[in-house]
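Taking it in order: structure first as structure tokens, then the write-up.
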Amino acid sequence: MIFVVQEHHAKRLHWDFRLEVGGVLKSWAVPRGPSLDPAERRLAVPVPDHALAHARYEGVIPPGYGAGPVLIWDRGTYSVEGGGSAEEGLRRGRLVVRLRGGILTGLFALVRPAGGRLAGRWLLVKERDESARPGWRTPVLLTPARLRRLRP
């Protein structure tokens, strides 16, 4: 199964974290981006599912919903850890995956907090493993030169 993270310079910069689940890309907007630091718990707001073809999209979304430049920040494959399927993990509110990408590697958990101010949202957390990098900061890859190449 594939995953993709797209750096999206919409009204506010965020990273769209997408997992292939059930023939679509299940998607979360991560305002501060994924982190390799296990101490960082990143807010992940569910957004509508996308078609699998969207995993290859780079360009500038025209005015309207989600307008702005989009760049593939990372991509690769993933597997579900601990048994069960991705669908089951999402239903339970905890999905642990092993990512094999160019930037993101190792174990990550998507966790749905119970109630409170985070109701309906998720957290994206790097698990402590061999690929953890304490103090790591999410790089912004879309430079002005790359932005010029994305524009038609």
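Identifiers in the structure tokens: chain A, B, ... in order shown; residue index from 1 per chain; ligand index from 1 in order shown.
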
Per-residue DSSP, segment 94-144 of chain A, filtered to helix (DSSP H, G or I), as a PyMOL selection string:
chain A and resi 116-118+144

Residue subset to file, keeping C-alpha atoms, as a PDB file, in the first residue's frame:
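Result saved to again_5.pdb:
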```pdb
ATOM      1  CA  GLY A 116     -12.194  16.820  24.829  1.00  0.00           C
ATOM      2  CA  ARG A 117     -10.937  19.657  22.673  1.00  0.00           C
ATOM      3  CA  LEU A 118      -9.484  17.250  20.089  1.00  0.00           C
ATOM      4  CA  PRO A 144      10.510  29.949  -4.989  1.00  0.00           C
TER       5      PRO A 144
END
```

Could you list, as a PyMOL selection string, every residue within 9 Å of Ala114 of chain A, counting only C-alpha atoms and ignoring same-chain residues fewer than 5 positions away?
chain A and resi 93+119-120

Using only C-alpha atoms, what does the table of segment 49-136 of chain A residues within 12 Å of segment 15-30 of chain A look like, with each row giving the shortest atom pair and its distance in Å to one decimal, sorted by chain and ascending number, as JSON lines?
```
{"residue": "A:Asp49", "atom": "CA", "partner": "A:Lys26", "partner_atom": "CA", "distance": 4.9}
{"residue": "A:His50", "atom": "CA", "partner": "A:Leu25", "partner_atom": "CA", "distance": 5.0}
{"residue": "A:Ala51", "atom": "CA", "partner": "A:Val24", "partner_atom": "CA", "distance": 5.2}
{"residue": "A:Leu52", "atom": "CA", "partner": "A:Val24", "partner_atom": "CA", "distance": 5.4}
{"residue": "A:Ala53", "atom": "CA", "partner": "A:Leu25", "partner_atom": "CA", "distance": 9.0}
{"residue": "A:His54", "atom": "CA", "partner": "A:Leu25", "partner_atom": "CA", "distance": 8.0}
{"residue": "A:Ala55", "atom": "CA", "partner": "A:Leu25", "partner_atom": "CA", "distance": 7.8}
{"residue": "A:Arg56", "atom": "CA", "partner": "A:Arg18", "partner_atom": "CA", "distance": 11.5}
{"residue": "A:Tyr57", "atom": "CA", "partner": "A:Asp16", "partner_atom": "CA", "distance": 11.8}
{"residue": "A:Gly66", "atom": "CA", "partner": "A:Asp16", "partner_atom": "CA", "distance": 11.0}
{"residue": "A:Pro69", "atom": "CA", "partner": "A:Trp15", "partner_atom": "CA", "distance": 11.5}
{"residue": "A:Val70", "atom": "CA", "partner": "A:Trp15", "partner_atom": "CA", "distance": 9.2}
{"residue": "A:Leu71", "atom": "CA", "partner": "A:Trp15", "partner_atom": "CA", "distance": 9.5}
{"residue": "A:Ile72", "atom": "CA", "partner": "A:Asp16", "partner_atom": "CA", "distance": 9.4}
{"residue": "A:Trp73", "atom": "CA", "partner": "A:Trp15", "partner_atom": "CA", "distance": 8.2}
{"residue": "A:Asp74", "atom": "CA", "partner": "A:Phe17", "partner_atom": "CA", "distance": 9.4}
{"residue": "A:Arg75", "atom": "CA", "partner": "A:Arg18", "partner_atom": "CA", "distance": 9.3}
{"residue": "A:Gly76", "atom": "CA", "partner": "A:Leu19", "partner_atom": "CA", "distance": 9.9}
{"residue": "A:Thr77", "atom": "CA", "partner": "A:Leu19", "partner_atom": "CA", "distance": 8.9}
{"residue": "A:Tyr78", "atom": "CA", "partner": "A:Leu19", "partner_atom": "CA", "distance": 8.1}
{"residue": "A:Ser79", "atom": "CA", "partner": "A:Leu19", "partner_atom": "CA", "distance": 10.1}
{"residue": "A:Val80", "atom": "CA", "partner": "A:Val21", "partner_atom": "CA", "distance": 10.7}
{"residue": "A:Ser85", "atom": "CA", "partner": "A:Val21", "partner_atom": "CA", "distance": 8.9}
{"residue": "A:Ala86", "atom": "CA", "partner": "A:Val21", "partner_atom": "CA", "distance": 6.5}
{"residue": "A:Glu87", "atom": "CA", "partner": "A:Val21", "partner_atom": "CA", "distance": 6.8}
{"residue": "A:Glu88", "atom": "CA", "partner": "A:Val21", "partner_atom": "CA", "distance": 10.5}
{"residue": "A:Gly89", "atom": "CA", "partner": "A:Val21", "partner_atom": "CA", "distance": 10.9}
{"residue": "A:Leu90", "atom": "CA", "partner": "A:Val21", "partner_atom": "CA", "distance": 9.8}
{"residue": "A:Leu95", "atom": "CA", "partner": "A:Leu19", "partner_atom": "CA", "distance": 11.1}
{"residue": "A:Val96", "atom": "CA", "partner": "A:Leu19", "partner_atom": "CA", "distance": 11.8}
{"residue": "A:Val97", "atom": "CA", "partner": "A:Leu19", "partner_atom": "CA", "distance": 9.8}
{"residue": "A:Arg98", "atom": "CA", "partner": "A:Leu19", "partner_atom": "CA", "distance": 11.5}
{"residue": "A:Leu99", "atom": "CA", "partner": "A:Leu19", "partner_atom": "CA", "distance": 10.0}
{"residue": "A:Leu104", "atom": "CA", "partner": "A:Phe17", "partner_atom": "CA", "distance": 11.1}
{"residue": "A:Phe108", "atom": "CA", "partner": "A:Phe17", "partner_atom": "CA", "distance": 11.7}
{"residue": "A:Leu110", "atom": "CA", "partner": "A:Trp28", "partner_atom": "CA", "distance": 9.9}
{"residue": "A:Val111", "atom": "CA", "partner": "A:Trp28", "partner_atom": "CA", "distance": 11.9}
{"residue": "A:Arg112", "atom": "CA", "partner": "A:Trp28", "partner_atom": "CA", "distance": 11.9}
{"residue": "A:Gly120", "atom": "CA", "partner": "A:Trp28", "partner_atom": "CA", "distance": 11.5}
{"residue": "A:Arg121", "atom": "CA", "partner": "A:Trp28", "partner_atom": "CA", "distance": 9.0}
{"residue": "A:Trp122", "atom": "CA", "partner": "A:Trp28", "partner_atom": "CA", "distance": 8.3}
{"residue": "A:Leu123", "atom": "CA", "partner": "A:Val30", "partner_atom": "CA", "distance": 8.8}
{"residue": "A:Leu124", "atom": "CA", "partner": "A:Val30", "partner_atom": "CA", "distance": 8.1}
{"residue": "A:Val125", "atom": "CA", "partner": "A:Val30", "partner_atom": "CA", "distance": 11.2}
```

Which value, in Å to one decimal, gives the distance between atom CA of Arg133 of chain A and atom CA of Arg42 of chain A?
14.9 Å

Mind checking which residues fall within 12 Å of Asp37 of chain A, counting only C-alpha atoms, ignoring those fewer than 3 positions away in the same chain, and posting them as a ChimeraX atom specification?
/A:33-34,40-42,104-108,124-138

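Using only C-alpha atoms, the contacts of Ala10 of chain A at a cut-off of 6 Å, with sequence neighbours closer than 3 positions omitted, comprise Leu13, Gly66, Ala67 and Gly68 of chain A.
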
Long-range neighbours of Arg146 of chain A as a PDB file with N, CA, C and O atoms, in the first residue's frame, 12 Å cut-off, only C-alpha atoms, 3 positions minimum in chain:
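For reference, part-v9.pdb as written:
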```pdb
ATOM      1  N   GLU A  58       1.249  17.153  -8.345  1.00  0.00           N
ATOM      2  CA  GLU A  58       2.018  18.350  -7.989  1.00  0.00           C
ATOM      3  C   GLU A  58       1.522  19.443  -8.919  1.00  0.00           C
ATOM      4  O   GLU A  58       1.277  19.192 -10.100  1.00  0.00           O
ATOM      5  N   GLY A  59       1.381  20.637  -8.406  1.00  0.00           N
ATOM      6  CA  GLY A  59       0.921  21.740  -9.235  1.00  0.00           C
ATOM      7  C   GLY A  59       0.303  22.810  -8.369  1.00  0.00           C
ATOM      8  O   GLY A  59       0.540  22.871  -7.158  1.00  0.00           O
ATOM      9  N   VAL A  60      -0.490  23.651  -9.010  1.00  0.00           N
ATOM     10  CA  VAL A  60      -1.145  24.745  -8.288  1.00  0.00           C
ATOM     11  C   VAL A  60      -2.652  24.535  -8.409  1.00  0.00           C
ATOM     12  O   VAL A  60      -3.201  24.529  -9.514  1.00  0.00           O
ATOM     13  N   PRO A  69      -0.241  26.115  -4.153  1.00  0.00           N
ATOM     14  CA  PRO A  69       0.748  25.153  -4.655  1.00  0.00           C
ATOM     15  C   PRO A  69       0.817  23.884  -3.806  1.00  0.00           C
ATOM     16  O   PRO A  69       0.731  23.931  -2.585  1.00  0.00           O
ATOM     17  N   VAL A  70       1.025  22.754  -4.500  1.00  0.00           N
ATOM     18  CA  VAL A  70       1.150  21.448  -3.859  1.00  0.00           C
ATOM     19  C   VAL A  70       2.396  20.770  -4.413  1.00  0.00           C
ATOM     20  O   VAL A  70       2.602  20.718  -5.622  1.00  0.00           O
ATOM     21  N   LEU A  71       3.219  20.242  -3.519  1.00  0.00           N
ATOM     22  CA  LEU A  71       4.449  19.544  -3.887  1.00  0.00           C
ATOM     23  C   LEU A  71       4.474  18.203  -3.155  1.00  0.00           C
ATOM     24  O   LEU A  71       4.117  18.139  -1.967  1.00  0.00           O
ATOM     25  N   ILE A  72       4.888  17.155  -3.834  1.00  0.00           N
ATOM     26  CA  ILE A  72       5.060  15.874  -3.138  1.00  0.00           C
ATOM     27  C   ILE A  72       6.282  16.002  -2.237  1.00  0.00           C
ATOM     28  O   ILE A  72       7.399  16.211  -2.694  1.00  0.00           O
ATOM     29  N   VAL A 140      10.549  22.672   5.024  1.00  0.00           N
ATOM     30  CA  VAL A 140       9.675  23.173   3.963  1.00  0.00           C
ATOM     31  C   VAL A 140      10.481  23.051   2.674  1.00  0.00           C
ATOM     32  O   VAL A 140      11.564  23.628   2.550  1.00  0.00           O
ATOM     33  N   LEU A 141       9.963  22.268   1.727  1.00  0.00           N
ATOM     34  CA  LEU A 141      10.731  21.970   0.516  1.00  0.00           C
ATOM     35  C   LEU A 141      10.377  22.860  -0.670  1.00  0.00           C
ATOM     36  O   LEU A 141      11.135  22.931  -1.632  1.00  0.00           O
ATOM     37  N   LEU A 142       9.221  23.524  -0.610  1.00  0.00           N
ATOM     38  CA  LEU A 142       8.790  24.316  -1.760  1.00  0.00           C
ATOM     39  C   LEU A 142       9.471  25.677  -1.742  1.00  0.00           C
ATOM     40  O   LEU A 142       9.077  26.584  -1.030  1.00  0.00           O
ATOM     41  N   THR A 143      10.537  25.791  -2.513  1.00  0.00           N
ATOM     42  CA  THR A 143      11.294  27.032  -2.644  1.00  0.00           C
ATOM     43  C   THR A 143      10.698  27.867  -3.783  1.00  0.00           C
ATOM     44  O   THR A 143       9.952  27.341  -4.614  1.00  0.00           O
ATOM     45  N   ARG A 149       8.475  26.313 -11.240  1.00  0.00           N
ATOM     46  CA  ARG A 149       8.348  25.113 -12.090  1.00  0.00           C
ATOM     47  C   ARG A 149       6.960  24.489 -11.990  1.00  0.00           C
ATOM     48  O   ARG A 149       6.523  23.810 -12.910  1.00  0.00           O
ATOM     49  N   LEU A 150       6.265  24.664 -10.848  1.00  0.00           N
ATOM     50  CA  LEU A 150       4.933  24.095 -10.679  1.00  0.00           C
ATOM     51  C   LEU A 150       3.874  24.873 -11.448  1.00  0.00           C
ATOM     52  O   LEU A 150       2.865  24.311 -11.849  1.00  0.00           O
ATOM     53  N   ARG A 151       4.089  26.144 -11.614  1.00  0.00           N
ATOM     54  CA  ARG A 151       3.081  26.981 -12.305  1.00  0.00           C
ATOM     55  C   ARG A 151       3.058  26.651 -13.790  1.00  0.00           C
ATOM     56  O   ARG A 151       4.090  26.443 -14.396  1.00  0.00           O
TER      57      ARG A 151
END
```

Secondary structure check, strand (DSSP E or B) residues of chain A, as a PyMOL selection string
chain A and resi 2-9+13-21+24-30+41-50+59-61+68-80+94-101+105-111+122-126

I'd like the interatomic distance between atom CA of Val4 of chain A and atom CA of Gly101 of chain A, to a tenth of an Å.
8.5 Å

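Proximity to Pro139 of chain A was assessed for A:Ile103, A:Pro63, A:Pro48, A:Phe3 counting only C-alpha atoms; the smallest distance is recorded for A:Ile103.
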